[in-house]
Structures are given as structure tokens and as C-alpha cells.
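Working notes, structure below.
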Amino acid sequence: MPFLSSLADKSFKVDENGKIVFFPWGYFGKGYILVDKAQEDKIRKAIIVSNIVGLSLVLIIGVVLRLWFITLLLFPFVIVIWTLQTKRFTRGLEISQMAYSINSNAKSAAFPIDKPTRALRISIIVQWFLIVVGVIVGLYEERYLPEILRTYVNADDSKALSLVETVVMISGVFLLLGLIISSIGLYRLKQWARTVYVACAVLGTVLFLFMGPSVTSPIQGTFEYLANATEGFTIALLYFSSAGTNFESLNKNDREGR
């Protein structure tokens, strides 16, 4: 999967001596000089597999089974497992003096990033921050809802899904996955991501009409509203600012092999 490979790419940089440096914690840790390309490929495959497993667990446990609190409880275990993997990968390796930079190896590094493009990237990060916080707040506040609302929520969660509800749920999972992938693509200024992102936003709005009643606390609703507003702001930047021009220019350069 290209987007998973691009995520793995962020963990590897090339220093001024042409050596491959592995940054297991990105900005938040030091880099390690790898011995050869084979070692890089081995670590890269492990990262991609870990991403596939993690994303699958989130979609199945969180979205399909609606057990978001379990995904949150699993997060510390994921950190521990990755820490152990990192120690195994970097055992005996020389520590690099190179500082991590998100664009140090990217083709877009030499491309001028203006204020609208920076705003676009910030908007994407803020949107997902609001979404995640909204989900966490919703899970926490559910227990404090009035009894009649808790009864409704529990009954709605335990009932068997109709054919329409099943189709809506499956469609929602695919749209969520598309939104995640396109958000990553937008951050990396990929042309295809604009179309996918907008399509997911529009189809998600249409799909919402078939989801039936929902119970939302005021705080959770506020975060969801802000996330939707941020999504609209992102789309506006994509088509009504110089960020859109940067997309076209950058992807033209990529096609020309620059």
C-alpha cells in the first residue's frame, strides 16, 4: 500500500555522508545509522506490518464493534511493543548527530512552503486532533448522560443491525479509511488526495442522513462541530488559496522527475 510505505519513509533519512539514518521516534528521538540497505528494508517491512495491524485493530474494535475505550487501553501496550522493537533494531548501531526534519529527503523539500500551505497542514492536524478528542470526550461523558438517554444508547448498541444499517456502517468504515489516507496525502501535497478528501467529505455528509438519531453531549458536539468547520476550512484552502497552486506545481515537478 503506497500510503503505508510513505508513512514508513518518514522514519528514514539520509545524512550528508549518504548514510541511512533510522529515526524510530521521529522528532522525539535520536537517529541511528544503519549498516546497509538490507537492514533498512527489514525495519521498513516491520513498520508497514505494524501500521497494518494497528489500523486494522482501530477499524475493527473502534469503528465496527464501537469499543473505542479498548483501543485507548491498547495504546500503552503499543508504545511498549514499539519500544522493545526499537531496541532490537538499534542494538549496536551508531547514534547519528543528524537532526530529524520532516522534509529532509522529500522531493518537496526544495519546494517553497508558503503560509496557506502551512495553514493547510496545520488544519489537517487540528481536524484530527478535534476528532480524536471528541471521541474520547464522548466515551467519557456517556456514563453521565441522563438515565433515559443511557437506556436509549444501550438499547441502540445492543440491537441487531438491519441491512440498511449494515451497509451504512460498512460504507462509513471505508469513508473513514479514505479520509485518513487522503489526509496523509494532503499533508504531503499529493494531487490525488484533494479529490479523495473532498469526495469523502461529501459522501460522508450524504451518509450521515441515513445514520438515524444519535446522542451527543454538549462538549462532544462542540468538538465535532469544530472538526467539521476545520474540514470546510481545509477544502477552502485546497481550492481558493495558493496551496492549491502548490499542489499542481509540485505534482507537475514530480511527473517531470525533478
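Note on naming: chains are A, B, ... as they come in the C-alpha cells, residues start from 1 per chain, ligands start from 1 in the order shown.
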So which bits of range 94-217 of chain A end up helix (DSSP H, G or I) when you DSSP the backbone, as a ChimeraX atom specification? /A:107-110,115-144,147-158,163-187,191-208
The selected residues should be written to file as a PDB file, in the first residue's frame (atoms: C-alpha atoms).
ATOM      1  CA  LYS A 107      11.070  15.884  -3.111  1.00  0.00           C
ATOM      2  CA  SER A 108       9.062  18.738  -1.732  1.00  0.00           C
ATOM      3  CA  ALA A 109      11.923  19.874   0.493  1.00  0.00           C
ATOM      4  CA  ALA A 110      13.118  22.368  -2.080  1.00  0.00           C
ATOM      5  CA  LYS A 115       1.575  30.471   4.571  1.00  0.00           C
ATOM      6  CA  PRO A 116      -1.571  28.939   3.005  1.00  0.00           C
ATOM      7  CA  THR A 117       0.227  25.616   2.589  1.00  0.00           C
ATOM      8  CA  ARG A 118       1.396  25.713   6.190  1.00  0.00           C
ATOM      9  CA  ALA A 119      -2.145  26.603   7.222  1.00  0.00           C
ATOM     10  CA  LEU A 120      -3.394  23.607   5.247  1.00  0.00           C
ATOM     11  CA  ARG A 121      -1.108  21.231   7.092  1.00  0.00           C
ATOM     12  CA  ILE A 122      -1.993  22.750  10.444  1.00  0.00           C
ATOM     13  CA  SER A 123      -5.683  22.495   9.567  1.00  0.00           C
ATOM     14  CA  ILE A 124      -5.337  18.773   8.849  1.00  0.00           C
ATOM     15  CA  ILE A 125      -3.589  18.166  12.167  1.00  0.00           C
ATOM     16  CA  VAL A 126      -6.149  20.248  14.077  1.00  0.00           C
ATOM     17  CA  GLN A 127      -9.049  18.425  12.435  1.00  0.00           C
ATOM     18  CA  TRP A 128      -7.817  15.008  13.521  1.00  0.00           C
ATOM     19  CA  PHE A 129      -6.946  16.307  16.966  1.00  0.00           C
ATOM     20  CA  LEU A 130     -10.522  17.537  17.352  1.00  0.00           C
ATOM     21  CA  ILE A 131     -11.928  14.249  16.062  1.00  0.00           C
ATOM     22  CA  VAL A 132      -9.864  12.154  18.475  1.00  0.00           C
ATOM     23  CA  VAL A 133     -10.589  14.407  21.454  1.00  0.00           C
ATOM     24  CA  GLY A 134     -14.283  14.421  20.562  1.00  0.00           C
ATOM     25  CA  VAL A 135     -14.376  10.623  20.549  1.00  0.00           C
ATOM     26  CA  ILE A 136     -12.558  10.412  23.885  1.00  0.00           C
ATOM     27  CA  VAL A 137     -14.840  13.004  25.475  1.00  0.00           C
ATOM     28  CA  GLY A 138     -17.908  11.224  24.122  1.00  0.00           C
ATOM     29  CA  LEU A 139     -16.815   7.913  25.617  1.00  0.00           C
ATOM     30  CA  TYR A 140     -16.092   9.547  28.954  1.00  0.00           C
ATOM     31  CA  GLU A 141     -19.313  11.565  29.158  1.00  0.00           C
ATOM     32  CA  GLU A 142     -21.599   8.742  28.064  1.00  0.00           C
ATOM     33  CA  ARG A 143     -21.792   7.447  31.628  1.00  0.00           C
ATOM     34  CA  TYR A 144     -23.024  10.840  32.848  1.00  0.00           C
ATOM     35  CA  GLU A 147     -30.819   7.679  32.540  1.00  0.00           C
ATOM     36  CA  ILE A 148     -33.325   7.813  29.701  1.00  0.00           C
ATOM     37  CA  LEU A 149     -30.576   8.667  27.204  1.00  0.00           C
ATOM     38  CA  ARG A 150     -28.238   5.963  28.531  1.00  0.00           C
ATOM     39  CA  THR A 151     -31.057   3.456  28.180  1.00  0.00           C
ATOM     40  CA  TYR A 152     -31.588   4.509  24.582  1.00  0.00           C
ATOM     41  CA  VAL A 153     -27.861   4.331  23.782  1.00  0.00           C
ATOM     42  CA  ASN A 154     -27.507   0.869  25.332  1.00  0.00           C
ATOM     43  CA  ALA A 155     -30.576  -0.410  23.506  1.00  0.00           C
ATOM     44  CA  ASP A 156     -29.348   1.033  20.215  1.00  0.00           C
ATOM     45  CA  ASP A 157     -25.900  -0.538  20.664  1.00  0.00           C
ATOM     46  CA  SER A 158     -27.290  -3.970  21.506  1.00  0.00           C
ATOM     47  CA  LEU A 163     -29.491  -4.428   6.104  1.00  0.00           C
ATOM     48  CA  VAL A 164     -29.509  -0.666   5.546  1.00  0.00           C
ATOM     49  CA  GLU A 165     -27.668  -0.030   8.819  1.00  0.00           C
ATOM     50  CA  THR A 166     -25.065  -2.649   7.912  1.00  0.00           C
ATOM     51  CA  VAL A 167     -24.474  -1.047   4.520  1.00  0.00           C
ATOM     52  CA  VAL A 168     -24.233   2.383   6.146  1.00  0.00           C
ATOM     53  CA  MET A 169     -21.754   1.121   8.753  1.00  0.00           C
ATOM     54  CA  ILE A 170     -19.521  -0.595   6.191  1.00  0.00           C
ATOM     55  CA  SER A 171     -19.649   2.474   3.961  1.00  0.00           C
ATOM     56  CA  GLY A 172     -18.714   4.613   6.944  1.00  0.00           C
ATOM     57  CA  VAL A 173     -15.660   2.459   7.642  1.00  0.00           C
ATOM     58  CA  PHE A 174     -14.446   2.837   4.060  1.00  0.00           C
ATOM     59  CA  LEU A 175     -15.074   6.589   4.110  1.00  0.00           C
ATOM     60  CA  LEU A 176     -13.168   6.910   7.375  1.00  0.00           C
ATOM     61  CA  LEU A 177     -10.276   4.972   5.892  1.00  0.00           C
ATOM     62  CA  GLY A 178     -10.398   7.170   2.798  1.00  0.00           C
ATOM     63  CA  LEU A 179     -10.380  10.301   4.941  1.00  0.00           C
ATOM     64  CA  ILE A 180      -7.341   9.068   6.869  1.00  0.00           C
ATOM     65  CA  ILE A 181      -5.441   8.167   3.705  1.00  0.00           C
ATOM     66  CA  SER A 182      -6.335  11.406   1.932  1.00  0.00           C
ATOM     67  CA  SER A 183      -5.384  13.471   4.994  1.00  0.00           C
ATOM     68  CA  ILE A 184      -1.923  11.937   4.889  1.00  0.00           C
ATOM     69  CA  GLY A 185      -1.784  12.613   1.162  1.00  0.00           C
ATOM     70  CA  LEU A 186      -2.847  16.231   1.655  1.00  0.00           C
ATOM     71  CA  TYR A 187      -0.155  16.773   4.239  1.00  0.00           C
ATOM     72  CA  GLN A 191      -2.698  15.791  -6.071  1.00  0.00           C
ATOM     73  CA  TRP A 192      -4.878  12.676  -5.786  1.00  0.00           C
ATOM     74  CA  ALA A 193      -5.529  13.406  -2.123  1.00  0.00           C
ATOM     75  CA  ARG A 194      -7.554  16.531  -2.922  1.00  0.00           C
ATOM     76  CA  THR A 195     -10.120  14.568  -4.892  1.00  0.00           C
ATOM     77  CA  VAL A 196     -10.304  11.727  -2.370  1.00  0.00           C
ATOM     78  CA  TYR A 197     -10.582  14.103   0.599  1.00  0.00           C
ATOM     79  CA  VAL A 198     -13.403  16.152  -0.909  1.00  0.00           C
ATOM     80  CA  ALA A 199     -15.206  13.020  -2.117  1.00  0.00           C
ATOM     81  CA  CYS A 200     -15.062  11.513   1.383  1.00  0.00           C
ATOM     82  CA  ALA A 201     -16.327  14.762   2.902  1.00  0.00           C
ATOM     83  CA  VAL A 202     -19.279  14.984   0.500  1.00  0.00           C
ATOM     84  CA  LEU A 203     -20.178  11.291   0.686  1.00  0.00           C
ATOM     85  CA  GLY A 204     -19.837  11.393   4.468  1.00  0.00           C
ATOM     86  CA  THR A 205     -22.368  14.212   4.613  1.00  0.00           C
ATOM     87  CA  VAL A 206     -24.801  12.227   2.471  1.00  0.00           C
ATOM     88  CA  LEU A 207     -24.218   9.066   4.503  1.00  0.00           C
ATOM     89  CA  PHE A 208     -24.949  10.936   7.723  1.00  0.00           C
TER      90      PHE A 208
END
So that I can check the surroundings of Lys37 in chain A, please list as number ranges by chain every protein, DNA and RNA residue that reaches within 12 Å of it, counting only C-alpha atoms and ignoring chain neighbours fewer than 3 positions away. A: 12, 14, 18-22, 33-34, 40-44
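Every protein, DNA or RNA residue with an atom at most 9 Å from range 50-55 of chain A, where only C-alpha atoms count and chain neighbours fewer than 5 positions away do not, is listed here: Leu4, Leu7, Ala8, Lys45, Ile60, Val78 and Trp82 of chain A.
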Export, as a compact mmCIF listing (two decimals), in the first residue's frame, the selected residues with C-alpha atoms.
# COMPACT_ATOMS: atom_id res chain seq x y z
CA LEU A 4 1.72 2.87 4.35
CA LEU A 7 4.45 6.59 6.40
CA ALA A 8 7.41 4.26 6.79
CA LYS A 45 8.73 -4.07 6.45
CA ILE A 60 -12.46 -3.37 13.77
CA VAL A 78 1.58 -0.44 21.53
CA TRP A 82 7.39 -0.48 19.67
When DSSP is applied to the backbone of this structure, which of range 30-177 of chain A are assigned strand (DSSP E)? Write them out as a ChimeraX atom specification. /A:32-33,94-95
Dump N, CA and C atoms for the selected residues as a PDB file, in the first residue's frame?
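Listing of again15.pdb after writing:
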ATOM      1  N   TYR A  32      19.627   6.630  14.273  1.00  0.00           N
ATOM      2  CA  TYR A  32      20.651   5.586  14.307  1.00  0.00           C
ATOM      3  C   TYR A  32      21.111   5.290  12.881  1.00  0.00           C
ATOM      4  N   ILE A  33      22.418   5.235  12.695  1.00  0.00           N
ATOM      5  CA  ILE A  33      22.982   4.985  11.373  1.00  0.00           C
ATOM      6  C   ILE A  33      22.894   3.493  11.065  1.00  0.00           C
ATOM      7  N   GLU A  94      25.402   2.913  15.609  1.00  0.00           N
ATOM      8  CA  GLU A  94      25.972   4.213  15.960  1.00  0.00           C
ATOM      9  C   GLU A  94      24.882   5.282  15.949  1.00  0.00           C
ATOM     10  N   ILE A  95      24.913   6.149  16.956  1.00  0.00           N
ATOM     11  CA  ILE A  95      23.932   7.238  17.034  1.00  0.00           C
ATOM     12  C   ILE A  95      24.352   8.364  16.098  1.00  0.00           C
TER      13      ILE A  95
END
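You will find CA of Gln97 in chain A at 14.0 Å from CA of Phe28 in chain A.
Comparing the minimum interatomic distances between Gly29 in chain A and each of A:Tyr225, A:Thr216, A:Gly92, A:Thr83, counting only C-alpha atoms, we find that A:Thr83 sits nearest.
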